[in-house]
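*Asks:* For reference, the file upload02.pdb (PDB, C-alpha atoms) is included below:
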```pdb
MODEL        1
ATOM      1  CA  MET A   1      38.542 184.889 -80.340
ATOM      2  CA  ARG A   2      37.986 181.614 -82.090
ATOM      3  CA  LYS A   3      38.413 181.337 -85.848
ATOM      4  CA  SER A   4      34.662 180.905 -86.312
ATOM      5  CA  TYR A   5      34.298 184.550 -85.189
ATOM      6  CA  ARG A   6      36.537 185.846 -87.999
ATOM      7  CA  VAL A   7      35.861 187.066 -91.506
ATOM      8  CA  LYS A   8      38.873 185.595 -93.286
ATOM      9  CA  SER A   9      38.327 185.100 -97.013
ATOM     10  CA  GLU A  10      38.711 187.851 -99.596
ATOM     11  CA  LYS A  11      35.218 186.988-100.882
ATOM     12  CA  ASP A  12      33.646 187.592 -97.457
ATOM     13  CA  PHE A  13      35.576 190.843 -96.962
ATOM     14  CA  GLN A  14      34.463 192.070-100.378
ATOM     15  CA  GLN A  15      30.856 191.110 -99.695
ATOM     16  CA  VAL A  16      30.806 193.243 -96.543
ATOM     17  CA  PHE A  17      32.531 196.147 -98.352
ATOM     18  CA  ASP A  18      30.161 196.056-101.334
ATOM     19  CA  ALA A  19      26.834 195.553 -99.564
ATOM     20  CA  GLY A  20      27.652 196.891 -96.141
ATOM     21  CA  HIS A  21      27.037 200.188 -94.414
ATOM     22  CA  SER A  22      30.022 202.123 -93.009
ATOM     23  CA  VAL A  23      30.552 204.447 -90.055
ATOM     24  CA  ALA A  24      33.795 206.059 -88.913
ATOM     25  CA  ASN A  25      35.438 208.072 -86.194
ATOM     26  CA  ARG A  26      38.956 209.479 -86.037
ATOM     27  CA  HIS A  27      40.695 206.111 -85.463
ATOM     28  CA  PHE A  28      38.457 203.362 -86.885
ATOM     29  CA  VAL A  29      36.047 202.617 -89.722
ATOM     30  CA  ILE A  30      33.327 199.974 -89.291
ATOM     31  CA  TYR A  31      31.659 198.251 -92.237
ATOM     32  CA  GLN A  32      28.686 196.100 -91.306
ATOM     33  CA  LEU A  33      26.432 193.621 -93.042
ATOM     34  CA  ALA A  34      23.438 191.880 -91.473
ATOM     35  CA  LYS A  35      23.500 188.081 -91.821
ATOM     36  CA  PRO A  36      20.119 186.738 -90.632
ATOM     37  CA  GLY A  37      20.281 183.200 -89.311
ATOM     38  CA  GLN A  38      23.969 183.357 -88.437
ATOM     39  CA  LYS A  39      24.770 181.878 -84.989
ATOM     40  CA  HIS A  40      27.223 184.584 -83.932
ATOM     41  CA  PHE A  41      28.890 187.686 -85.276
ATOM     42  CA  ARG A  42      32.037 187.543 -87.368
ATOM     43  CA  VAL A  43      34.658 190.277 -87.493
ATOM     44  CA  GLY A  44      37.430 191.108 -89.936
ATOM     45  CA  ILE A  45      40.306 193.336 -88.867
ATOM     46  CA  SER A  46      42.414 195.350 -91.280
ATOM     47  CA  VAL A  47      45.472 197.340 -90.213
ATOM     48  CA  GLY A  48      47.420 198.704 -93.173
ATOM     49  CA  LYS A  49      50.956 199.993 -93.460
ATOM     50  CA  LYS A  50      49.731 203.574 -93.103
ATOM     51  CA  VAL A  51      48.965 202.719 -89.480
ATOM     52  CA  GLY A  52      52.437 201.377 -88.711
ATOM     53  CA  HIS A  53      55.419 200.600 -90.869
ATOM     54  CA  THR A  54      56.502 197.613 -88.819
ATOM     55  CA  ALA A  55      54.605 194.384 -88.317
ATOM     56  CA  VAL A  56      55.115 194.814 -84.570
ATOM     57  CA  ASP A  57      53.071 198.039 -84.582
ATOM     58  CA  ARG A  58      50.313 196.617 -86.794
ATOM     59  CA  ASN A  59      50.030 193.392 -84.778
ATOM     60  CA  ARG A  60      49.812 195.338 -81.501
ATOM     61  CA  VAL A  61      46.895 197.372 -82.909
ATOM     62  CA  LYS A  62      45.178 194.146 -84.045
ATOM     63  CA  ARG A  63      45.699 192.574 -80.608
ATOM     64  CA  TYR A  64      44.133 195.601 -78.915
ATOM     65  CA  ILE A  65      41.164 195.503 -81.299
ATOM     66  CA  ARG A  66      40.629 191.753 -80.776
ATOM     67  CA  GLN A  67      40.816 192.070 -76.984
ATOM     68  CA  SER A  68      38.387 195.003 -76.965
ATOM     69  CA  LEU A  69      35.904 193.085 -79.104
ATOM     70  CA  TYR A  70      36.304 190.018 -76.888
ATOM     71  CA  GLU A  71      35.356 192.136 -73.867
ATOM     72  CA  LEU A  72      32.314 193.501 -75.752
ATOM     73  CA  LYS A  73      31.324 190.113 -77.196
ATOM     74  CA  ASN A  74      28.082 189.707 -75.220
ATOM     75  CA  GLU A  75      26.860 193.192 -76.149
ATOM     76  CA  LEU A  76      27.299 192.817 -79.931
ATOM     77  CA  PRO A  77      24.474 191.640 -82.216
ATOM     78  CA  GLN A  78      24.926 188.019 -83.268
ATOM     79  CA  ALA A  79      23.568 187.967 -86.835
ATOM     80  CA  MET A  80      26.176 190.359 -88.214
ATOM     81  CA  ASP A  81      29.445 190.469 -90.123
ATOM     82  CA  PHE A  82      31.540 193.566 -89.606
ATOM     83  CA  LEU A  83      34.977 194.855 -90.500
ATOM     84  CA  VAL A  84      37.152 197.053 -88.308
ATOM     85  CA  ILE A  85      39.636 199.111 -90.285
ATOM     86  CA  ALA A  86      42.268 201.018 -88.328
ATOM     87  CA  ARG A  87      43.201 204.533 -89.376
ATOM     88  CA  LYS A  88      46.571 206.234 -89.078
ATOM     89  CA  GLY A  89      46.278 207.453 -85.468
ATOM     90  CA  ALA A  90      45.322 204.040 -84.053
ATOM     91  CA  LYS A  91      48.991 203.153 -83.479
ATOM     92  CA  GLU A  92      49.277 205.862 -80.816
ATOM     93  CA  LEU A  93      46.406 204.507 -78.693
ATOM     94  CA  ASP A  94      46.872 202.369 -75.608
ATOM     95  CA  MET A  95      44.509 199.500 -74.754
ATOM     96  CA  ALA A  96      41.973 201.625 -72.846
ATOM     97  CA  GLU A  97      41.880 204.298 -75.558
ATOM     98  CA  THR A  98      41.474 201.641 -78.253
ATOM     99  CA  LYS A  99      38.485 200.146 -76.445
ATOM    100  CA  SER A 100      36.968 203.567 -75.835
ATOM    101  CA  ASN A 101      37.287 204.498 -79.519
ATOM    102  CA  LEU A 102      35.852 201.146 -80.618
ATOM    103  CA  VAL A 103      32.886 201.553 -78.258
ATOM    104  CA  HIS A 104      32.312 205.006 -79.744
ATOM    105  CA  VAL A 105      32.364 203.873 -83.380
ATOM    106  CA  LEU A 106      30.325 200.717 -82.632
ATOM    107  CA  THR A 107      27.733 202.925 -80.920
ATOM    108  CA  LEU A 108      27.649 205.200 -83.973
ATOM    109  CA  ALA A 109      27.122 202.105 -86.130
ATOM    110  CA  ARG A 110      24.281 201.061 -83.785
ATOM    111  CA  LEU A 111      26.025 197.781 -83.037
ATOM    112  CA  LEU A 112      26.215 198.690 -79.341
ATOM    113  CA  ALA A 113      23.637 200.395 -77.168
ATOM    114  CA  ASP A 114      24.525 203.983 -76.311
ATOM    115  CA  PRO A 115      26.188 203.993 -72.839
ATOM    116  CA  ALA A 116      24.548 207.348 -72.014
ATOM    117  CA  GLN A 117      21.149 205.888 -72.940
ATOM    118  CA  ASN A 118      21.757 202.901 -70.627
ATOM    119  CA  GLN A 119      22.637 205.299 -67.774
ATOM    120  CA  ASP A 120      19.424 207.282 -68.381
ATOM    121  CA  ASN A 121      17.360 204.061 -68.293
ATOM    122  CA  GLN A 122      18.979 202.991 -65.018
ATOM    123  CA  ASN A 123      18.293 206.410 -63.456
ATOM    124  CA  GLN A 124      14.628 206.234 -64.499
ATOM    125  CA  GLU A 125      14.241 202.726 -63.022
ATOM    126  CA  GLU A 126      15.751 203.875 -59.714
ATOM    127  CA  ARG A 127      13.299 206.799 -59.486
ATOM    128  CA  GLY A 128      10.469 204.497 -59.892
TER     129      GLY A 128
ENDMDL
END
```
Would it be possible to restate this file's structure as structure tokens?
*Replies:*
Amino acid sequence: MRKSYRVKSEKDFQQVFDAGHSVANRHFVIYQLAKPGQKHFRVGISVGKKVGHTAVDRNRVKRYIRQSLYELKNELPQAMDFLVIARKGAKELDMAETKSNLVHVLTLARLLADPAQNQDNQNQEERG
């Protein structure tokens, strides 16, 4: 993702932490803050040493998170800043599991439409 899609400064991170709403699952925590008038969403990613002791492990988790968000880019709300914080077990996940867990926590945070809800809507449209 381009740099314009990233929350980088400490001030911006703190603003989302202080004013934002959080939701979590077993592997990730999402903090979100609505930013009306913003052209596109911005995301901050935090992977601490509790997740992996080596930079290799932490960077792999960040790469998986970034790729998953890139694939979900068109489904995410645009006027939003959010932070993805990895929890201890995130190091054990492969790419597919990382995306699945992110979809779950983003759905809980109401940043993504519920996949089951979308399936129900499609079934109703097919019936008529």
*Asks:* In Å, how far is it from CA of Lys88 (chain A) to CA of Lys62 (chain A)?
*Replies:*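 Separation of CA of Lys88 (chain A) and CA of Lys62 (chain A): 13.2 Å.
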*Asks:* Running the PyMOL selection byres ((chain A and resi 39) around 8) on this model by hand, what would come out? Give it as a list in words.
*Replies:*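 That selection, the PyMOL selection byres ((chain A and resi 39) around 8), comes back as Gly37, Gln38, His40, Phe41, Gln78 and Ala79 of chain A.
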*Asks:* When the PyMOL selection byres ((chain A and resi 20) around 6) is applied to the structure above, which residues does it catch, written out as a PyMOL selection string?
*Replies:* chain A and resi 16-19+21+31-33
*Asks:* Dump as JSON, numbers by chain all residues having an atom at most 12 Å from (52.5, 205.2, -79.5), computed in the file's coordinates with only C-alpha atoms.
*Replies:* {"A": [51, 52, 56, 57, 58, 60, 61, 88, 89, 90, 91, 92, 93, 94, 95, 97, 98]}
*Asks:* Calculated over only C-alpha atoms, which of the candidates A:Ala55, A:Leu106, A:Ala113, A:Ile30 has the smallest distance to Phe82 (chain A)?
*Replies:*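 Closest candidate: A:Ile30.
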*Asks:* Hey, can you check how far CA of Glu71 (chain A) sits from CA of Lys50 (chain A)?
*Replies:*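 Computing it gives 26.6 Å between the two atoms.
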*Asks:* Of the residues A:Ala34, A:Ala24, A:Ala96, A:Ile45, which is the one nearest to Pro77 (chain A), using only C-alpha atoms?
*Replies:*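 Checking each candidate against Pro77 (chain A), we get A:Ala34 as the closest.
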